[in-house]
Amino acid sequence: MPRNVLRPVRLPTVLAVLGGLFLALLAASPAQAHATVVATTPAIDEIVADAPQQVTVEFSEPVSVVAAETGVIGPDGRRADAEPATSDGNVLTYVLTGDLPEGTYLVSYRVISADGHPVPGGFTFSIGKRSAAPDSADLANDVDPLVNILVVVNRFLSYAGLVLLLGPGLLMVAARLRNGEFPPIRGPRRLMTAGLGLLAATAALGLYLHVPYTAGSSLFGFTGPDVAMVVESRFGIAAMLRLLIVAAAIPVVKWLSRAADGPATRLVPAVLAVALAVTWPMSGHATTSPAPPLTMVSDTVHVLAMGMWLGGLVTLAVYLVRRSHTRGVRELLPEWSRWATWLVAALAVAGLAQALIEVGSVDALLETRYGQLVIAKIVLFGVVLLAAFFARRAVLRSDGSLLSLIRRVIGVELAVGVILLGVSAVLVQTVPASVAVNDAGDQVQADRYSVELTDKLFTLRFELEPAAIGDNTAHLYLYTPQGEPLEAVEWSASYGQPDSGIAPVGIGLALLSPNHVQADVALPSAGNWEFTFTIRISELERSTVSTVVTVG
């Protein structure tokens, strides 16, 4: 009798190992996988009395600047930056020209975050008084739609190449281990060769496409510095490393098809498979999480399990179509069923861990595109599990008449698996839910609450820093509806927590300029704090506005 590929392992042991990995990953705090703005100088929408010599933008992680898409535009439509912006760690700096006119300035940026994704954005500030925001047409930050589509398609094809390499390779090694004659070596070797070719092509094309993707240019509109930036980035290093591993794997595939079973025929393919799988997480979100080693392990397990499982299904589907191999497939199915159980379990735990880290909350899951794609993956995976359940029942019955049913079920698994690959390719290019949900609210900056309260008499800008339990500093700026600084006759403010029965308490305001007051505010507990402001701009004109600040 052919011996099993897997040594007997008790189910509790499997669950303990997978559960330990799950709990370790669950303990990590949500990842900030894309760079976000932490602070700016001048502050967003601030009116400064004197022209600053420079503008700085602080991000949540180190960034690289795309100089051609980053700059400052003055109220006259001219560039106000004296030289290309520079990045030092997580701080982006613009040096401004002298003799800047009064009015509103647009600061535009396009930076590359540590995970290789471009982060475009901008904000305004004013010198002396507000004016109409300048046109930013010459600082366009949008990705060419064609480039965006090609990047997603190329990533999908790279996953397909991994599937064609790992799945057939697994079954080839399995045949060696049990001294079996099925599957014949020739078939898996052809699939693996196709997989290697696809991996090499997508790595090279991905390296090229990442240049216009990060630079925000057309497919052929980038420059030499844009190429250098990508080559030196984590994405570029990962792509070139993948090419090297593919080159090393070519002779290994030929050697495996001829060599007898031994420790080397098991260890060498395993090392290459792991090394190849690592190149995906090393260029993505995993490297920027609060616990990179844990998320790197999770992503690597996810990629490996996905490649082996779908690749095994592809190989089986090929031989099931060829009815001349029916006997060999029937002998292999029980063994494959055991392998598939392990692979799907690893895929489920690693995928769930990734989702927990990148999503972070129920609101983020339901309200963001990333969260909706995760839900789609969960539903599709449920379909796969249902199909696998029926396939395993048919295999355990060992009834040759059920081979046609198994063939159909494997076809369903494979079709859904291809859709899962497509969803994964889109998901990697999407801003993680934990970042997107934070960017969607008024609290754009991590350590400052800022909101504009509009009334028919005035516009009041309210800033609270750090918007946390304990001592805070509040700033109030008063403008006309047209954006001009407005002098108030009388200011009054209060804050309270109605939900918790805390009555409103008056705030002592210190006048810093005719349209700007400051106050110290102590927030003793978490919850929703309601701030109310009454501004009198003349003897007969007064109005009240309010806002709610959520303190966690």
# chains A, B, ... in the order shown; residues from 1 in each chain; ligands from 1
>>> residues_around(residues="A:Asp81", least_positions_apart="5", cutoff="7 Å", atoms="only C-alpha atoms", output="list in words")
Gly71, Val72, Tyr94, Val95, Leu96 and Thr97 of chain A
>>> select_by_dssp(residues="stretch 58-102 of chain A", states="strand (DSSP E)", output="number ranges by chain")
A: 58-59, 64-65, 71-73, 86-88, 91-95
>>> write_last_selection(atoms="N, CA and C atoms", output="compact mmCIF listing (two decimals), in the first residue's frame")
# COMPACT_ATOMS: atom_id res chain seq x y z
N GLU A 58 4.10 66.36 8.44
CA GLU A 58 4.58 65.19 9.18
C GLU A 58 3.62 64.02 8.95
N PHE A 59 4.18 62.86 8.58
CA PHE A 59 3.39 61.67 8.31
C PHE A 59 3.56 60.64 9.43
N SER A 64 8.79 58.71 0.92
CA SER A 64 9.65 59.24 -0.14
C SER A 64 8.81 60.16 -0.99
N VAL A 65 9.37 61.26 -1.44
CA VAL A 65 8.59 62.28 -2.13
C VAL A 65 8.72 62.12 -3.64
N GLY A 71 4.31 70.33 -4.51
CA GLY A 71 4.69 71.74 -4.57
C GLY A 71 3.69 72.63 -3.87
N VAL A 72 3.93 73.93 -3.94
CA VAL A 72 3.06 74.94 -3.32
C VAL A 72 2.66 75.94 -4.40
N ILE A 73 1.34 76.17 -4.53
CA ILE A 73 0.81 77.12 -5.50
C ILE A 73 0.25 78.33 -4.76
N THR A 86 11.65 68.04 -0.13
CA THR A 86 12.52 66.94 0.31
C THR A 86 11.86 66.21 1.48
N SER A 87 12.20 64.94 1.62
CA SER A 87 11.68 64.15 2.74
C SER A 87 12.84 63.66 3.59
N ASP A 88 12.66 63.75 4.90
CA ASP A 88 13.64 63.27 5.86
C ASP A 88 12.88 62.42 6.87
N VAL A 91 9.03 63.36 7.65
CA VAL A 91 8.74 64.79 7.52
C VAL A 91 9.05 65.25 6.10
N LEU A 92 8.05 65.89 5.49
CA LEU A 92 8.18 66.46 4.15
C LEU A 92 8.34 67.97 4.30
N THR A 93 9.36 68.55 3.62
CA THR A 93 9.67 69.98 3.80
C THR A 93 9.68 70.69 2.45
N TYR A 94 8.98 71.84 2.39
CA TYR A 94 8.98 72.73 1.23
C TYR A 94 9.67 74.02 1.65
N VAL A 95 10.66 74.47 0.90
CA VAL A 95 11.29 75.77 1.12
C VAL A 95 10.59 76.77 0.21
>>> residues_around(residues="stretch 163-166 of chain A", least_positions_apart="6", cutoff="9 Å", atoms="only C-alpha atoms", output="NGL selection string")
:A and (188-189 or 191-196 or 198-199 or 273 or 304 or 306-312 or 314-315)
>>> write_last_selection(atoms="C-alpha atoms", output="JSON list (two decimals), in the first residue's frame")
[["chain", "number", "residue", "atom", "x", "y", "z"],
["A", 188, "PRO", "CA", 3.14, 18.88, -13.27],
["A", 189, "ARG", "CA", 6.48, 19.87, -14.75],
["A", 191, "LEU", "CA", 2.44, 23.47, -15.31],
["A", 192, "MET", "CA", 5.36, 24.48, -13.10],
["A", 193, "THR", "CA", 7.32, 25.73, -16.11],
["A", 194, "ALA", "CA", 4.34, 27.84, -17.16],
["A", 195, "GLY", "CA", 4.11, 29.17, -13.61],
["A", 196, "LEU", "CA", 7.79, 30.14, -13.57],
["A", 198, "LEU", "CA", 4.36, 33.84, -15.63],
["A", 199, "LEU", "CA", 6.10, 34.78, -12.38],
["A", 273, "ALA", "CA", 8.63, 28.12, -2.01],
["A", 304, "LEU", "CA", 1.70, 29.64, 0.48],
["A", 306, "MET", "CA", -3.43, 29.76, -1.36],
["A", 307, "GLY", "CA", -0.86, 28.78, -3.99],
["A", 308, "MET", "CA", -0.66, 25.12, -2.97],
["A", 309, "TRP", "CA", -4.42, 24.67, -2.54],
["A", 310, "LEU", "CA", -5.52, 26.31, -5.82],
["A", 311, "GLY", "CA", -2.55, 24.82, -7.68],
["A", 312, "GLY", "CA", -3.45, 21.36, -6.46],
["A", 314, "VAL", "CA", -5.73, 23.01, -11.08],
["A", 315, "THR", "CA", -3.61, 19.85, -11.38]]
>>> select_by_dssp(residues="stretch 132-242 of chain A", states="alpha helix (DSSP H)", output="number ranges by chain")
A: 145-177, 186-215, 224-232, 234-242
>>> write_last_selection(atoms="C-alpha atoms", output="CSV table (one decimal), in the first residue's frame")
chain,number,residue,atom,x,y,z
A,145,PRO,CA,-6.8,54.7,-14.9
A,146,LEU,CA,-5.0,52.5,-17.4
A,147,VAL,CA,-2.0,52.1,-15.2
A,148,ASN,CA,-4.2,51.3,-12.2
A,149,ILE,CA,-6.0,48.6,-14.2
A,150,LEU,CA,-2.8,47.1,-15.4
A,151,VAL,CA,-1.3,47.0,-11.9
A,152,VAL,CA,-4.3,45.0,-10.6
A,153,VAL,CA,-4.3,42.6,-13.6
A,154,ASN,CA,-0.5,42.1,-13.3
A,155,ARG,CA,-0.8,41.3,-9.6
A,156,PHE,CA,-3.6,38.8,-10.4
A,157,LEU,CA,-1.4,37.1,-13.0
A,158,SER,CA,1.5,36.9,-10.5
A,159,TYR,CA,-0.8,35.0,-8.1
A,160,ALA,CA,-1.8,32.8,-11.0
A,161,GLY,CA,1.9,32.0,-11.7
A,162,LEU,CA,2.4,31.1,-8.0
A,163,VAL,CA,-0.6,28.8,-8.2
A,164,LEU,CA,0.8,27.0,-11.3
A,165,LEU,CA,4.2,26.6,-9.6
A,166,LEU,CA,3.3,25.6,-6.0
A,167,GLY,CA,0.3,23.3,-6.5
A,168,PRO,CA,1.8,20.9,-9.1
A,169,GLY,CA,5.1,21.0,-7.2
A,170,LEU,CA,3.3,19.9,-4.1
A,171,LEU,CA,1.7,16.9,-5.9
A,172,MET,CA,5.0,16.0,-7.6
A,173,VAL,CA,6.8,15.9,-4.2
A,174,ALA,CA,3.9,14.0,-2.8
A,175,ALA,CA,4.2,11.3,-5.5
A,176,ARG,CA,7.9,11.0,-4.7
A,177,LEU,CA,7.3,10.5,-1.0
A,186,ARG,CA,5.6,15.3,-17.1
A,187,GLY,CA,2.2,17.0,-16.5
A,188,PRO,CA,3.1,18.9,-13.3
A,189,ARG,CA,6.5,19.9,-14.7
A,190,ARG,CA,4.7,21.6,-17.7
A,191,LEU,CA,2.4,23.5,-15.3
A,192,MET,CA,5.4,24.5,-13.1
A,193,THR,CA,7.3,25.7,-16.1
A,194,ALA,CA,4.3,27.8,-17.2
A,195,GLY,CA,4.1,29.2,-13.6
A,196,LEU,CA,7.8,30.1,-13.6
A,197,GLY,CA,7.4,32.0,-16.9
A,198,LEU,CA,4.4,33.8,-15.6
A,199,LEU,CA,6.1,34.8,-12.4
A,200,ALA,CA,9.1,36.1,-14.2
A,201,ALA,CA,7.0,38.1,-16.7
A,202,THR,CA,4.8,39.7,-14.0
A,203,ALA,CA,7.8,40.5,-11.8
A,204,ALA,CA,9.4,42.4,-14.6
A,205,LEU,CA,6.2,44.1,-15.8
A,206,GLY,CA,5.2,44.9,-12.2
A,207,LEU,CA,8.5,46.7,-11.7
A,208,TYR,CA,7.8,48.8,-14.8
A,209,LEU,CA,4.2,49.5,-14.0
A,210,HIS,CA,5.0,50.6,-10.4
A,211,VAL,CA,7.0,53.5,-11.8
A,212,PRO,CA,4.0,55.4,-13.4
A,213,TYR,CA,1.8,54.1,-10.6
A,214,THR,CA,3.8,55.8,-7.8
A,215,ALA,CA,4.8,58.8,-9.9
A,224,GLY,CA,14.7,58.7,-14.6
A,225,PRO,CA,14.4,59.7,-10.9
A,226,ASP,CA,11.0,58.0,-10.8
A,227,VAL,CA,12.6,54.8,-12.0
A,228,ALA,CA,15.4,55.1,-9.4
A,229,MET,CA,12.9,55.6,-6.6
A,230,VAL,CA,11.0,52.4,-7.5
A,231,VAL,CA,14.2,50.3,-7.9
A,232,GLU,CA,15.4,51.4,-4.4
A,234,ARG,CA,10.8,47.8,-1.0
A,235,PHE,CA,8.6,46.9,-3.9
A,236,GLY,CA,11.5,47.1,-6.3
A,237,ILE,CA,13.7,45.0,-4.1
A,238,ALA,CA,11.0,42.4,-3.7
A,239,ALA,CA,10.4,42.3,-7.5
A,240,MET,CA,14.1,41.8,-8.2
A,241,LEU,CA,14.4,39.2,-5.5
A,242,ARG,CA,11.4,37.3,-7.0
>>> residues_around(residues="A:Glu539", least_positions_apart="6", cutoff="12 Å", atoms="only C-alpha atoms", output="list of chain:residue names")
A:Ala488, A:Val489, A:Glu490
>>> write_last_selection(atoms="N, CA and C atoms", output="JSON list (two decimals), in the first residue's frame")
[["chain", "number", "residue", "atom", "x", "y", "z"],
["A", 488, "ALA", "N", -14.91, 89.83, 16.57],
["A", 488, "ALA", "CA", -16.12, 89.59, 17.36],
["A", 488, "ALA", "C", -16.25, 90.63, 18.46],
["A", 489, "VAL", "N", -17.49, 91.03, 18.73],
["A", 489, "VAL", "CA", -17.76, 91.94, 19.84],
["A", 489, "VAL", "C", -17.72, 91.17, 21.15],
["A", 490, "GLU", "N", -18.19, 89.92, 21.12],
["A", 490, "GLU", "CA", -18.24, 89.12, 22.35],
["A", 490, "GLU", "C", -18.12, 87.63, 21.99]]
>>> residues_around(residues="A:Ala350", least_positions_apart="2", cutoff="7 Å", atoms="only C-alpha atoms", output="PyMOL selection string")
chain A and resi 298-299+301-302+346-348+352-354
>>> residues_around(residues="A:Gly417", least_positions_apart="5", cutoff="9 Å", atoms="only C-alpha atoms", output="list of chain:residue names")
A:Met306, A:Leu310, A:Leu380, A:Phe381, A:Val384, A:Val412, A:Gly422
>>> write_last_selection(atoms="C-alpha atoms", output="compact mmCIF listing (two decimals), in the first residue's frame")
# COMPACT_ATOMS: atom_id res chain seq x y z
CA MET A 306 -3.43 29.76 -1.36
CA LEU A 310 -5.52 26.31 -5.82
CA LEU A 380 -16.58 33.32 -1.39
CA PHE A 381 -14.49 31.34 1.07
CA VAL A 384 -15.39 27.03 -1.15
CA VAL A 412 -16.70 24.91 -8.52
CA GLY A 422 -9.12 38.65 -8.34
>>> residues_around(residues="A:Ala49", least_positions_apart="2", cutoff="7 Å", atoms="only C-alpha atoms", output="list in words")
Ile47, Ala51, Ile127 and Gly128 of chain A
>>> atom_distance(atom1="atom CA of A:Ala526", atom2="atom CA of A:Thr547")
16.0 Å
>>> atom_distance(atom1="atom CA of A:Val505", atom2="atom CA of A:Leu523")
11.2 Å
>>> atom_distance(atom1="atom CA of A:Gly506", atom2="atom CA of A:Lys456")
24.3 Å
